[in-house]
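Written out below as structure tokens is the structure these notes cover.
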Amino acid sequence: MAMDNLRRYRTPGLCEAVPRISVLIPARNEEANIGAAAAAVLASRGVDLELVVLDDGSTDATAEILASIGDSRLRVAQGGVLPAGWSGKQHACAALARLARYELLVFVDADVRLAPDALSRMAGYMARHDVALASGFPRQITRSWSETLLLPLIHFLLLGYLPLARMQVSASPGFGAGCGQLMIARAAAYARVGGHGAIRASLHDGLTLPRAFRRAGLMTGLFDATGFATCRMYTNASEVWEGLTKNATEGMAKPLALPIWTWILGGGAVLPLILLQVAPSPAAANVGAASASASITSVDPSRERHSTPAQPSHLISMTDLL
């Protein structure tokens, strides 16, 4: 399955037309990211775009950085009071979608950096596939040991356990998957589903938004975004732990799913490594067999009839095994 997934999980080609795209970024205390994120979007080629950023109650320099960007394609909105029953990101994305003017909506996190051809490629995917929502997994930038150890598991799980062949022909919500860092949706389909309002309490839109589309009978897709998008999701071990455990509560770590995934991942990924450590190497096994054979053939039958010398340990073990 993994080999078939690799064949299907491809980088989209450029869009042949010039698509109109609303790029939507929710931002709360993103002074370290928002300037570079906005600059990357505004450097896009081959698209007609607007960039809408929602400053969701930032207390740092996010607003000042946005105000210093002199580009008429950028609009900045202010977030309101978070209603009961909503998570912050879903409320911000829902507000951004209401402000969007174009037919393609791209939701992108502030820590994602898009290449100049990224938006055209994402629009190209939508033009070539009959899907209402699609998502790409950016290349994850890792520097600390915890990031390097755990974040590659995102692609390992995606390509090793999600049958993309079934996903591409079935609208079952069980095949819904995506990355909340980078999503593209058709505005009309988004409105039909109820947008982020359909997952208002969720903390893991990468999983729950595609499933909401599929429950409405709409297809979703996946593409490889590692060639045109990067993300430094976390910067230290505590952030990695907090982020992964938050996302897992709506995915693999649900009470019903956790034992199943533990068994699958343990048997498929961990057990082979343990067996490799405890199993004798082929070279050692060959040496042992050759030594045993030499010892057996060197026994003098006449001495064996008149004496009972102590037997070599390897002969005793071989006899015991017979």
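Order determines the names: the first chain of the structure tokens is A, the second B, and so forth; residues in each chain are numbered 1 upward, and ligands are numbered 1 upward as they are shown.
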Worksheet entry | Members of segment 104-173 of chain A assigned alpha helix (DSSP H) by DSSP, as a PyMOL selection string | chain A and resi 118-128+145-150+153-161+164-167
Write a file of the selected residues as an mmCIF file, in the first residue's frame, keeping C-alpha atoms.
data_model
loop_
_atom_site.group_PDB
_atom_site.id
_atom_site.type_symbol
_atom_site.label_atom_id
_atom_site.label_comp_id
_atom_site.auth_asym_id
_atom_site.auth_seq_id
_atom_site.Cartn_x
_atom_site.Cartn_y
_atom_site.Cartn_z
ATOM 1 C CA ALA A 118 2.605 27.263 -4.404
ATOM 2 C CA LEU A 119 -0.789 28.874 -4.956
ATOM 3 C CA SER A 120 -0.772 28.146 -8.684
ATOM 4 C CA ARG A 121 0.017 24.483 -7.990
ATOM 5 C CA MET A 122 -2.740 24.208 -5.401
ATOM 6 C CA ALA A 123 -5.215 25.774 -7.817
ATOM 7 C CA GLY A 124 -3.947 23.396 -10.498
ATOM 8 C CA TYR A 125 -4.808 20.452 -8.271
ATOM 9 C CA MET A 126 -8.362 21.763 -7.823
ATOM 10 C CA ALA A 127 -8.716 22.297 -11.575
ATOM 11 C CA ARG A 128 -7.705 18.693 -12.341
ATOM 12 C CA TRP A 145 16.018 16.119 18.667
ATOM 13 C CA SER A 146 12.316 15.842 19.586
ATOM 14 C CA GLU A 147 11.203 17.406 16.300
ATOM 15 C CA THR A 148 13.537 15.187 14.295
ATOM 16 C CA LEU A 149 12.360 12.071 16.128
ATOM 17 C CA LEU A 150 8.605 12.593 15.986
ATOM 18 C CA LEU A 153 5.934 10.178 11.696
ATOM 19 C CA ILE A 154 3.301 12.452 10.107
ATOM 20 C CA HIS A 155 4.261 11.250 6.629
ATOM 21 C CA PHE A 156 4.952 7.725 7.924
ATOM 22 C CA LEU A 157 1.370 7.380 9.164
ATOM 23 C CA LEU A 158 -0.112 9.103 6.130
ATOM 24 C CA LEU A 159 1.640 6.995 3.514
ATOM 25 C CA GLY A 160 1.787 3.787 5.505
ATOM 26 C CA TYR A 161 -1.770 3.503 6.778
ATOM 27 C CA LEU A 164 -5.171 6.753 -1.008
ATOM 28 C CA ALA A 165 -6.657 4.543 -3.721
ATOM 29 C CA ARG A 166 -9.801 4.091 -1.621
ATOM 30 C CA MET A 167 -9.781 7.708 -0.528
#
Item to complete: Fewer than 6 positions away in the same chain doesn't count, so skip those; otherwise give me all residues within 12 Å of Gly88 of chain A, counting only C-alpha atoms, as an MDAnalysis selection string.
Response: chainID A and resid 26:28 54:57 79:82 94:95 196:197 199:205
Fill in: Arg8 of chain A environment, 12 Å, only C-alpha atoms, sequence neighbours closer than 3 positions dropped, as a PyMOL selection string
chain A and resi 1-5+11-12+159+162-168+221-224
Fill in: For atom CA of Met233 of chain A and atom CA of Asp111 of chain A, the interatomic separation in Å (one decimal)
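Between these atoms lies a distance of 6.7 Å.
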Discussion item. Measuring between only C-alpha atoms, which one of A:Arg10, A:Lys89, A:Arg232, A:Arg192 shows the shortest distance to Ile25 of chain A?
Written reply: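 Closest residue, counting only C-alpha atoms: A:Lys89.
Closest approach to Ala77 of chain A from the set A:Arg98, A:Arg211, A:Arg186, A:Arg143 is made by A:Arg98, with distances taken over only C-alpha atoms.
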Worksheet item: What is the atom CA of Ile184 of chain A-atom CA of Ser172 of chain A distance in Å, reported with one decimal?
Response: 19.5 Å
Give me, as a PDB file with C-alpha atoms, in the first residue's frame, all polymer residues having an atom no more than 12 Å from Ala39 of chain A, counting only C-alpha atoms and skipping those fewer than 5 positions away in the same chain.
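Produced file selection-v8.pdb, reproduced below:
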ATOM      1  CA  ASN A  33       6.106  34.747  11.714  1.00  0.00           C
ATOM      2  CA  ILE A  34       3.548  37.066  10.206  1.00  0.00           C
ATOM      3  CA  SER A  44       3.205  34.479  -5.471  1.00  0.00           C
ATOM      4  CA  LEU A  51      -4.458  38.219   1.393  1.00  0.00           C
ATOM      5  CA  ILE A  65       4.108  44.465  11.451  1.00  0.00           C
ATOM      6  CA  LEU A  66       0.980  44.066   9.329  1.00  0.00           C
ATOM      7  CA  SER A  68       3.934  48.321   7.863  1.00  0.00           C
ATOM      8  CA  ILE A  69       3.248  46.175   4.776  1.00  0.00           C
ATOM      9  CA  GLY A  70       2.436  48.532   1.914  1.00  0.00           C
ATOM     10  CA  ASP A  71       0.524  46.256  -0.444  1.00  0.00           C
ATOM     11  CA  ARG A  73      -3.717  43.174  -1.811  1.00  0.00           C
ATOM     12  CA  LEU A  74      -3.467  42.829   1.978  1.00  0.00           C
ATOM     13  CA  ALA A 110       1.303  31.864   9.979  1.00  0.00           C
ATOM     14  CA  VAL A 112       4.009  28.208   6.855  1.00  0.00           C
ATOM     15  CA  ARG A 113       6.190  29.655   4.096  1.00  0.00           C
ATOM     16  CA  LEU A 114       4.866  29.322   0.552  1.00  0.00           C
ATOM     17  CA  ALA A 115       7.048  29.281  -2.545  1.00  0.00           C
ATOM     18  CA  PRO A 116       6.083  31.661  -5.374  1.00  0.00           C
TER      19      PRO A 116
END
Worksheet item: Residues of segment 26-122 of chain A in strand (DSSP E or B) according to DSSP, as a PyMOL selection string?
Response: chain A and resi 26-27+48-55+74-78+104-108+112-114
